[in-house]
file run-v1.txt (compact mmCIF, C-alpha atoms)
# COMPACT_ATOMS: atom_id res chain seq x y z
CA MET B 376 110.69 63.39 143.98
CA SER B 377 112.14 66.86 143.54
CA SER B 378 111.51 69.31 146.38
CA GLY B 379 111.34 72.22 143.95
CA VAL B 380 114.15 74.14 145.74
CA THR B 381 116.64 75.71 143.32
CA VAL B 382 120.42 75.83 143.74
CA GLU B 383 120.24 79.58 144.35
CA GLN B 384 117.72 79.02 147.15
CA ARG B 385 119.95 76.38 148.78
CA TRP B 386 122.94 78.73 148.68
CA ALA B 387 120.81 81.49 150.19
CA GLN B 388 119.86 79.13 153.04
CA PHE B 389 123.54 78.24 153.60
CA HIS B 390 124.60 81.91 153.66
CA ARG B 391 121.87 82.60 156.23
CA TYR B 392 122.15 79.56 158.54
CA GLY B 393 125.54 78.02 157.69
CA PRO B 394 127.61 80.33 159.96
CA TYR B 395 125.43 79.42 162.97
CA THR B 396 125.93 75.72 162.31
CA LEU B 397 129.68 75.96 161.77
CA LEU B 398 130.08 78.19 164.83
CA GLY B 399 128.19 75.68 166.96
CA ILE B 400 130.35 72.77 165.73
CA ALA B 401 133.53 74.81 166.33
CA VAL B 402 132.44 75.70 169.89
CA LEU B 403 131.71 72.03 170.62
CA MET B 404 135.08 70.88 169.25
CA ALA B 405 136.91 73.67 171.09
CA ALA B 406 135.20 72.76 174.37
CA LEU B 407 136.14 69.10 173.99
CA SER B 408 139.74 69.96 173.13
CA SER B 409 140.33 72.81 175.59
CA GLY B 410 141.98 70.51 178.09
CA ILE B 411 144.23 68.95 175.46
CA ILE B 412 145.30 72.29 174.02
CA GLY B 413 145.88 73.69 177.49
CA MET B 414 143.83 76.88 177.28
CA SER B 415 144.11 79.08 180.36
CA ARG B 416 141.12 80.45 182.24
CA ARG B 417 141.68 83.89 180.73
CA GLU B 418 141.94 82.45 177.18
CA THR B 419 138.75 80.49 177.76
CA GLN B 420 136.96 83.65 178.92
CA LEU B 421 138.22 85.65 175.94
CA THR B 422 137.19 82.82 173.64
CA GLY B 423 133.70 82.89 175.17
CA LEU B 424 133.46 86.65 174.61
CA LEU B 425 134.58 86.23 171.00
CA VAL B 426 131.96 83.51 170.47
CA LEU B 427 129.30 85.87 171.83
CA ALA B 428 130.62 88.61 169.55
CA ALA B 429 130.44 86.24 166.57
CA LEU B 430 126.89 85.26 167.52
CA ALA B 431 125.84 88.90 167.93
CA LEU B 432 127.42 89.82 164.61
CA GLN B 433 125.58 86.96 162.94
CA LEU B 434 122.26 87.98 164.50
CA TRP B 435 122.80 91.57 163.35
CA TRP B 436 123.57 90.46 159.82
CA GLY B 437 120.59 88.10 159.77
CA ARG B 438 118.27 91.08 160.38
CA ARG B 439 120.19 93.37 158.00
CA GLU B 440 120.81 90.92 155.14
CA PRO B 441 117.30 91.00 153.51
CA ASP B 442 117.59 94.80 153.05
CA ALA B 443 121.34 94.95 152.28
CA PRO B 444 122.26 94.17 148.69
CA ALA B 445 125.21 91.90 147.97
CA THR B 446 128.68 93.53 147.89
CA SER B 447 127.29 96.60 149.75
CA ARG B 448 129.26 98.34 152.48
CA PRO B 449 127.33 96.56 155.28
CA ALA B 450 128.09 93.23 153.60
CA GLN B 451 131.80 94.10 153.33
CA GLY B 452 131.87 95.21 156.96
CA TYR B 453 130.20 91.99 158.06
CA TYR B 454 132.75 89.89 156.16
CA VAL B 455 135.74 91.82 157.60
CA MET B 456 134.43 91.66 161.20
CA ARG B 457 133.65 87.95 160.92
CA THR B 458 137.12 87.23 159.50
CA LEU B 459 138.81 89.14 162.35
CA ILE B 460 136.73 87.31 164.97
CA ALA B 461 137.51 83.97 163.31
CA PHE B 462 141.24 84.83 163.29
CA ALA B 463 141.14 85.70 167.00
CA LEU B 464 139.24 82.50 167.84
CA CYS B 465 141.73 80.37 165.88
CA TRP B 466 144.55 82.16 167.76
CA TYR B 467 143.29 80.58 170.98
CA ASN B 468 141.98 77.29 169.58
CA PRO B 469 142.67 75.95 166.03
CA PHE B 470 139.35 74.07 165.96
CA PHE B 471 137.62 77.38 165.34
CA SER B 472 138.91 77.07 161.77
CA ILE B 473 135.69 75.12 161.30
CA TYR B 474 133.95 78.48 161.70
CA ALA B 475 136.56 80.42 159.72
CA ILE B 476 136.13 78.18 156.65
CA VAL B 477 132.79 79.88 155.89
CA GLY B 478 134.88 82.73 154.43
CA TYR B 479 135.66 80.53 151.44
CA PHE B 480 132.01 80.20 150.54
CA ASP B 481 130.61 83.72 150.70
CA ALA B 482 133.53 85.95 149.73
CA GLY B 483 132.17 86.27 146.20
CA HIS B 484 128.69 86.92 147.62
CA LEU B 485 129.69 89.63 150.11
CA LEU B 486 132.75 91.33 148.59
CA PRO B 487 133.14 93.27 145.32
CA ARG B 488 135.15 91.57 142.59
CA ARG B 489 138.40 93.44 143.36
CA LEU B 490 138.33 92.31 147.04
CA VAL B 491 137.34 88.67 146.56
CA ARG B 492 140.89 87.32 146.23
CA PRO B 493 142.30 89.33 149.17
CA GLY B 494 139.39 88.08 151.27
CA LEU B 495 140.04 84.48 150.25
CA LEU B 496 143.78 84.85 151.01
CA CYS B 497 142.94 86.13 154.50
CA THR B 498 140.86 83.04 155.09
CA ALA B 499 143.73 80.94 153.69
CA VAL B 500 146.09 82.48 156.31
CA ILE B 501 143.67 81.51 159.09
CA MET B 502 143.26 77.97 157.81
CA ALA B 503 147.03 77.46 157.32
CA GLY B 504 147.80 78.79 160.82
CA SER B 505 145.20 76.50 162.35
CA GLN B 506 146.58 73.44 160.58
CA CYS B 507 150.35 74.01 161.01
CA GLY B 508 150.48 71.89 164.20
CA SER B 509 150.93 74.41 166.96
CA GLY B 510 148.15 76.90 166.29
CA MET B 511 148.84 80.59 165.89
CA PRO B 512 151.45 81.86 166.00
CA PRO B 513 153.64 78.92 164.84
CA ALA B 514 155.88 77.84 167.71
CA SER B 515 158.94 76.58 165.85
CA PRO B 516 160.70 76.80 162.46
CA VAL B 517 159.12 73.48 161.54
CA ASN B 518 155.70 74.89 162.33
CA TRP B 519 156.53 78.00 160.29
CA ALA B 520 157.57 75.80 157.38
CA ALA B 521 154.34 73.84 157.71
CA PHE B 522 152.42 77.11 157.86
CA GLY B 523 154.11 78.33 154.67
CA ALA B 524 153.43 75.08 152.83
CA LEU B 525 149.82 74.98 153.99
CA PHE B 526 149.35 78.63 153.10
CA LEU B 527 150.66 78.02 149.57
CA LEU B 528 148.33 75.02 149.26
CA HIS B 529 145.33 77.02 150.48
CA ALA B 530 146.29 79.99 148.32
CA PHE B 531 146.60 77.76 145.27
CA LEU B 532 143.27 76.11 145.97
CA THR B 533 141.76 79.50 146.70
CA LEU B 534 142.94 80.98 143.41
CA LEU B 535 141.97 77.82 141.52
CA PHE B 536 138.47 77.73 142.89
CA GLY B 537 138.27 81.50 142.60
CA ASN B 538 139.02 81.28 138.87
CA LEU B 539 136.54 78.45 138.48
CA SER B 540 133.98 80.49 140.35
CA ALA B 541 134.72 83.54 138.19
CA ARG B 542 134.33 81.46 135.05
CA GLU B 543 131.12 79.98 136.34
CA GLU B 544 129.88 83.46 137.23
CA GLU B 545 130.81 84.70 133.76
CA ARG B 546 129.07 81.74 132.19
CA THR B 547 126.01 82.37 134.34
CA ARG B 548 126.12 86.05 133.38
CA ARG B 549 126.29 85.16 129.71
CA GLN B 550 123.47 82.67 130.07
CA THR B 551 121.42 85.29 131.86
CA ALA B 552 122.19 87.82 129.13
CA THR B 553 121.36 85.24 126.46
CA ILE B 554 118.10 84.36 128.19
CA SER B 555 117.26 88.06 128.46
CA GLU B 556 118.01 88.54 124.77
CA LEU B 557 115.92 85.50 123.88
CA GLU B 558 113.06 86.78 126.01
CA LEU B 559 113.36 90.18 124.34
CA ALA B 560 113.49 88.55 120.91
CA ASN B 561 110.50 86.39 121.84
CA THR B 562 108.60 89.47 122.98
CA ARG B 563 109.47 91.25 119.74
CA LEU B 564 108.46 88.16 117.78
CA GLU B 565 105.12 88.04 119.58
CA GLN B 566 104.64 91.73 118.84
CA ALA B 567 105.60 91.16 115.20
CA LEU B 568 103.18 88.21 114.98
CA ALA B 569 100.44 90.35 116.48
CA GLU B 570 101.25 93.16 114.05
CA ASN B 571 101.35 90.67 111.18
CA ALA B 572 97.99 89.27 112.23
CA THR B 573 96.57 92.79 112.29
CA LEU B 574 98.21 93.59 108.95
CA HIS B 575 96.93 90.33 107.50
CA ALA B 576 93.41 91.21 108.60
CA GLN B 577 93.79 94.67 107.08
CA LEU B 578 95.12 93.22 103.84
CA LEU B 579 92.24 90.76 103.69
CA LEU B 580 89.80 93.61 104.21
CA GLN B 581 91.54 95.74 101.58
CA ALA B 582 91.65 92.80 99.17
CA ARG B 583 87.96 92.18 99.75
CA GLU B 584 87.17 95.84 99.19
CA ALA B 585 89.39 95.91 96.11
CA GLY B 586 87.69 92.77 94.83
CA ILE B 587 84.28 94.31 95.40
CA ALA B 588 85.32 97.52 93.65
CA ASP B 589 86.84 95.56 90.75
CA GLU B 590 83.73 93.44 90.44
CA ARG B 591 81.58 96.56 90.42
CA ARG B 592 83.69 98.05 87.63
CA ARG B 593 83.50 94.78 85.73
CA LEU B 594 79.71 94.63 86.13
CA ALA B 595 79.45 98.24 85.01
CA ALA B 596 81.57 97.43 81.96
CA GLU B 597 79.44 94.37 81.21
CA ILE B 598 76.25 96.40 81.41
CA HIS B 599 77.76 99.13 79.26
CA ASP B 600 79.01 96.67 76.64
CA THR B 601 75.79 94.68 76.45
CA ILE B 602 72.57 96.20 77.71
CA ALA B 603 73.52 99.86 77.21
CA GLN B 604 74.78 99.29 73.68
CA GLY B 605 71.74 97.16 72.88
CA LEU B 606 69.41 99.90 74.11
CA THR B 607 71.40 102.43 72.10
CA GLY B 608 70.79 100.30 69.00
CA VAL B 609 67.10 100.00 69.83
CA ILE B 610 66.82 103.78 70.10
CA ALA B 611 68.66 104.23 66.84
CA GLN B 612 66.31 101.81 65.03
CA LEU B 613 63.22 103.45 66.51
CA GLN B 614 64.50 106.86 65.46
CA ALA B 615 64.97 105.46 61.95
CA VAL B 616 61.33 104.32 61.96
CA THR B 617 60.12 107.84 62.68
CA SER B 618 62.25 109.30 59.91
CA THR B 619 61.07 107.03 57.08
CA ALA B 620 57.75 106.92 55.21
CA ASP B 621 58.39 103.49 53.65
CA PRO B 622 56.35 100.84 55.54
CA ALA B 623 58.77 98.07 54.52
CA ALA B 624 61.79 100.01 55.78
CA ALA B 625 59.93 100.88 58.95
CA ARG B 626 59.06 97.21 59.47
CA GLU B 627 62.73 96.28 58.98
CA HIS B 628 63.85 98.83 61.57
CA LEU B 629 61.20 97.63 64.01
CA ASP B 630 62.34 94.03 63.55
CA ARG B 631 65.93 95.07 64.23
CA ALA B 632 64.83 97.00 67.31
CA ALA B 633 62.91 93.98 68.57
CA GLY B 634 65.91 91.72 67.90
CA LEU B 635 68.23 94.09 69.75
CA ALA B 636 65.80 94.28 72.66
CA ARG B 637 65.57 90.47 72.88
CA HIS B 638 69.35 90.24 72.67
CA SER B 639 69.76 92.83 75.44
CA LEU B 640 67.26 90.95 77.61
CA GLY B 641 69.21 87.74 77.05
CA GLU B 642 72.43 89.52 77.98
CA ALA B 643 70.84 90.88 81.16
CA ARG B 644 69.68 87.39 82.20
CA ARG B 645 73.09 85.94 81.35
CA SER B 646 74.84 88.66 83.33
CA VAL B 647 72.81 87.66 86.38
CA ARG B 648 73.87 84.02 85.90
CA ASN B 649 77.59 84.07 85.20
CA LEU B 650 78.60 87.16 83.17
CA VAL B 651 79.92 85.00 80.31
CA PRO B 652 78.99 86.63 76.98
CA ALA B 653 76.03 84.92 75.38
CA ALA B 654 77.93 84.71 72.08
CA LEU B 655 80.48 82.43 73.79
CA GLU B 656 77.99 80.09 75.39
CA HIS B 657 77.57 77.96 72.26
CA ASP B 658 80.58 78.94 70.13
CA ASP B 659 84.30 79.61 70.36
CA LEU B 660 85.86 83.07 70.17
CA PRO B 661 86.35 83.20 66.36
CA GLY B 662 82.70 82.21 65.82
CA ALA B 663 81.43 84.73 68.38
CA LEU B 664 83.59 87.50 66.89
CA GLY B 665 82.41 86.62 63.37
CA ARG B 666 78.78 86.93 64.34
CA THR B 667 79.46 90.14 66.29
CA VAL B 668 81.24 91.75 63.32
CA THR B 669 78.49 90.63 60.90
CA GLY B 670 75.70 91.91 63.16
CA TRP B 671 77.49 95.23 63.67
CA SER B 672 77.94 95.63 59.90
CA GLU B 673 74.26 94.93 59.26
CA ARG B 674 73.12 97.44 61.93
CA THR B 675 75.47 100.25 60.88
CA GLY B 676 75.70 99.67 57.15
CA VAL B 677 79.50 99.81 57.40
CA ARG B 678 81.46 97.14 55.54
CA ALA B 679 83.37 95.00 58.02
CA ASP B 680 85.74 92.07 57.41
CA PHE B 681 86.79 89.46 59.97
CA THR B 682 89.99 87.41 59.70
CA VAL B 683 91.53 84.68 61.85
CA THR B 684 95.24 83.80 61.65
CA GLY B 685 97.19 81.04 63.38
CA THR B 686 95.95 77.80 64.91
CA VAL B 687 92.65 78.23 66.72
CA GLU B 688 92.78 76.90 70.29
CA PRO B 689 90.12 76.71 73.01
CA LEU B 690 90.54 79.67 75.38
CA HIS B 691 89.76 80.27 79.00
CA ASP B 692 86.35 81.94 79.39
CA GLU B 693 87.83 85.12 80.89
CA VAL B 694 90.25 85.55 77.97
CA GLY B 695 87.54 85.03 75.38
CA ALA B 696 85.10 87.32 77.18
CA THR B 697 87.73 90.06 77.49
CA LEU B 698 88.63 90.04 73.79
CA LEU B 699 84.99 89.88 72.73
CA ARG B 700 84.07 92.88 74.92
CA ILE B 701 87.06 94.86 73.61
CA ALA B 702 85.95 94.15 70.03
CA GLU B 703 82.36 95.17 70.80
CA GLU B 704 83.51 98.42 72.45
CA ALA B 705 85.92 99.28 69.63
CA LEU B 706 83.25 98.66 66.98
CA SER B 707 80.69 100.65 68.97
CA ASN B 708 83.13 103.58 69.20
CA ALA B 709 83.78 103.33 65.45
CA ALA B 710 80.05 103.47 64.71
CA ARG B 711 79.34 106.38 67.04
CA HIS B 712 82.39 108.60 66.58
CA ALA B 713 84.52 107.60 63.59
CA GLY B 714 82.09 107.99 60.63
CA ALA B 715 83.94 105.07 59.04
CA SER B 716 83.01 103.47 55.70
CA ARG B 717 85.05 100.32 56.27
CA ALA B 718 86.36 98.33 59.25
CA GLY B 719 88.39 95.19 59.75
CA VAL B 720 88.85 92.82 62.69
CA THR B 721 91.74 90.34 62.89
CA LEU B 722 92.17 87.65 65.55
CA SER B 723 95.70 86.19 65.65
CA TYR B 724 96.84 83.10 67.59
CA MET B 725 100.58 83.48 68.17
CA GLY B 726 101.90 80.72 70.42
CA ASP B 727 101.62 81.95 74.01
CA GLU B 728 99.82 85.17 73.04
CA ILE B 729 96.68 86.13 71.22
CA THR B 730 96.08 89.51 69.61
CA LEU B 731 92.96 91.29 68.43
CA ASP B 732 93.22 94.17 65.95
CA ILE B 733 90.26 96.44 65.10
CA ARG B 734 90.84 98.98 62.32
CA ASP B 735 88.62 101.58 60.68
CA ASP B 736 89.08 104.33 58.08
CA GLY B 737 87.18 106.94 60.06
CA CYS B 738 88.09 110.45 61.08
CA GLY B 739 90.46 109.41 63.85
CA PHE B 740 91.22 111.56 66.88
CA ASP B 741 94.01 112.97 69.02
CA PRO B 742 94.88 110.40 71.75
CA ALA B 743 96.35 113.12 73.97
CA GLY B 744 92.96 114.76 74.22
CA ILE B 745 91.33 111.77 75.89
CA PRO B 746 91.06 112.16 79.70
CA PRO B 747 92.56 109.37 81.85
CA TYR B 748 90.30 106.46 82.67
CA SER B 749 88.81 106.91 86.16
CA GLY B 750 86.73 103.74 86.44
CA ARG B 751 83.50 105.74 86.25
CA GLY B 752 81.45 107.06 83.40
CA GLY B 753 82.18 105.80 79.88
CA PHE B 754 84.07 102.62 79.07
CA GLY B 755 85.99 103.65 75.99
CA LEU B 756 89.72 103.17 75.51
CA GLY B 757 90.34 103.32 79.27
CA GLY B 758 87.78 100.61 79.87
CA MET B 759 89.36 98.41 77.19
CA ARG B 760 92.79 98.85 78.75
CA ALA B 761 91.41 98.04 82.19
CA ARG B 762 89.85 94.84 80.84
CA ALA B 763 93.11 93.74 79.23
CA GLU B 764 95.21 94.59 82.30
CA ARG B 765 92.91 92.46 84.44
CA ILE B 766 94.28 89.38 82.64
CA ALA B 767 97.87 90.72 82.29
CA GLY B 768 97.29 92.09 78.78
CA THR B 769 97.72 95.43 77.04
CA VAL B 770 95.78 97.65 74.63
CA THR B 771 97.49 100.09 72.28
CA VAL B 772 95.85 102.66 70.00
CA GLU B 773 97.26 104.15 66.80
CA THR B 774 95.28 107.09 65.47
CA GLY B 775 95.36 110.71 64.49
CA PRO B 776 92.99 113.30 63.07
CA GLY B 777 91.93 112.08 59.62
CA LEU B 778 94.08 108.91 59.81
CA GLY B 779 91.55 106.36 61.02
CA THR B 780 91.99 104.26 64.16
CA ALA B 781 93.71 100.95 64.92
CA VAL B 782 93.09 99.31 68.31
CA SER B 783 95.35 96.36 69.19
CA ALA B 784 94.77 94.15 72.23
CA ARG B 785 97.46 91.65 73.26
CA VAL B 786 96.76 89.13 76.05
CA PRO B 787 98.30 85.84 77.24
CA LEU B 788 96.86 82.76 75.55
CA VAL B 789 95.40 80.87 78.52
CA ARG B 790 94.03 77.59 77.28
CA LEU B 791 90.76 76.15 78.49
CA GLY B 792 91.21 73.76 81.41
call {"tool": "encode", "arguments": {"input": "run-v1.txt", "output": "structure tokens"}}
result
Amino acid sequence: MSSGVTVEQRWAQFHRYGPYTLLGIAVLMAALSSGIIGMSRRETQLTGLLVLAALALQLWWGRREPDAPATSRPAQGYYVMRTLIAFALCWYNPFFSIYAIVGYFDAGHLLPRRLVRPGLLCTAVIMAGSQCGSGMPPASPVNWAAFGALFLLHAFLTLLFGNLSAREEERTRRQTATISELELANTRLEQALAENATLHAQLLLQAREAGIADERRRLAAEIHDTIAQGLTGVIAQLQAVTSTADPAAAREHLDRAAGLARHSLGEARRSVRNLVPAALEHDDLPGALGRTVTGWSERTGVRADFTVTGTVEPLHDEVGATLLRIAEEALSNAARHAGASRAGVTLSYMGDEITLDIRDDGCGFDPAGIPPYSGRGGFGLGGMRARAERIAGTVTVETGPGLGTAVSARVPLVRLG
């Protein structure tokens, strides 16, 4: 089972306690070999003092290390002093190379990059001198040759492992940088997701508000095109009753007023249910338009013709309702403002489009004089355009003073189902 200790933690433990361990082993080996090497009393005393100096230096560094960053001046001083003490110890007894070898392991930890290789080469000199056969200094040309060969071997290994260590350090640095970049990217992604969530909520709220506003405009247009126009017709018929002395004519106007009132009531009830025009509940668009044009002609006394071209196809309810309301509004405008004597309505099925044309020979008007549609108030040409645009259609008007008016609505032909 894993102890949970990382490689970095193990190296930190070695840097802290490894020198004590290696120094203890070196002292033991030196004590056992002192008689073989032939150390004098004075050399033994100096060696003991150097061991105490090494121990004191290590104790000082152990207290200083937690507060001293790596490659700082105290760290460099510690490495230099320890190397000098190790060199002096190996001068008297080569077994102290066991202690000197620690310089291979923490040069990169204690020294700046430019001093790592010199520090490793110094340790290589100590190790080669300890292993040449006679200790330091070499006693004979053979020992000097052995020292040179061992130094070259240690130097080669030092440079090799130094390069490997540098590459590993560079790889670690890149990994650390990559991890930092990934963490930064992840943080930015989380922020972006949070911002997107907030934006999504705002868009949903705006869409809901826009939908509510659009539905309100649509309801207002429905009421204007049905109940308001019906009540306008009722008022007109009642005014006609008061202006005639013929009982039969008065009765006819009253019957028309009652019919319009019943029709408006039906439209109001239908609007509460599903807002589908009552004329389309039991008939297709051509039939509903035919009855609308006929009823308008009878109420206004204006001759009106209705024509269908192309192949009649069942339409989506929204398409049919839009075209029917546009026709009703255009005819209502013709009756109220144009003073026309004749009107014509043409419904044309043209493949993927359907067009509705309403023409009259009235007085016409100047299109530039009409204020832009604001969504409030009347539902004239602006209201018709808004209806058509709701289903990706268009409404164009051709008119001029004394030239009559032609309203053309063009919408996509969306089939039922």
call {"tool": "atom_distance", "arguments": {"input": "run-v1.txt", "atom1": "atom CA of Gly695 of chain B", "atom2": "atom CA of Leu664 of chain B"}}
result
9.7 Å
call {"tool": "residues_around", "arguments": {"input": "run-v1.txt", "residues": "segment 685-690 of chain B", "least_positions_apart": "5", "cutoff": "10 Å", "atoms": "all atoms listed in the file", "output": "PyMOL selection string"}}
result
chain B and resi 659-661+695-696+722-726+729+788-792
call {"tool": "residues_near_point", "arguments": {"input": "run-v1.txt", "point": "(94.6, 115.0, 63.2)", "cutoff": "8 Å", "atoms": "only C-alpha atoms", "output": "list in words"}}
result
Gly739, Phe740, Asp741, Gly775, Pro776, Gly777 and Leu778 of chain B
call {"tool": "atom_distance", "arguments": {"input": "run-v1.txt", "atom1": "atom CA of Thr551 of chain B", "atom2": "atom CA of Arg489 of chain B"}}
result
22.1 Å
call {"tool": "closest_residue", "arguments": {"input": "run-v1.txt", "among": "B:Ser716, B:Thr721, B:Thr533, B:Asn468", "to": "Leu496 of chain B", "atoms": "all atoms listed in the file"}}
result
B:Thr533
call {"tool": "atom_distance", "arguments": {"input": "run-v1.txt", "atom1": "atom CA of Ile766 of chain B", "atom2": "atom CA of Ile733 of chain B"}}
result
19.3 Å
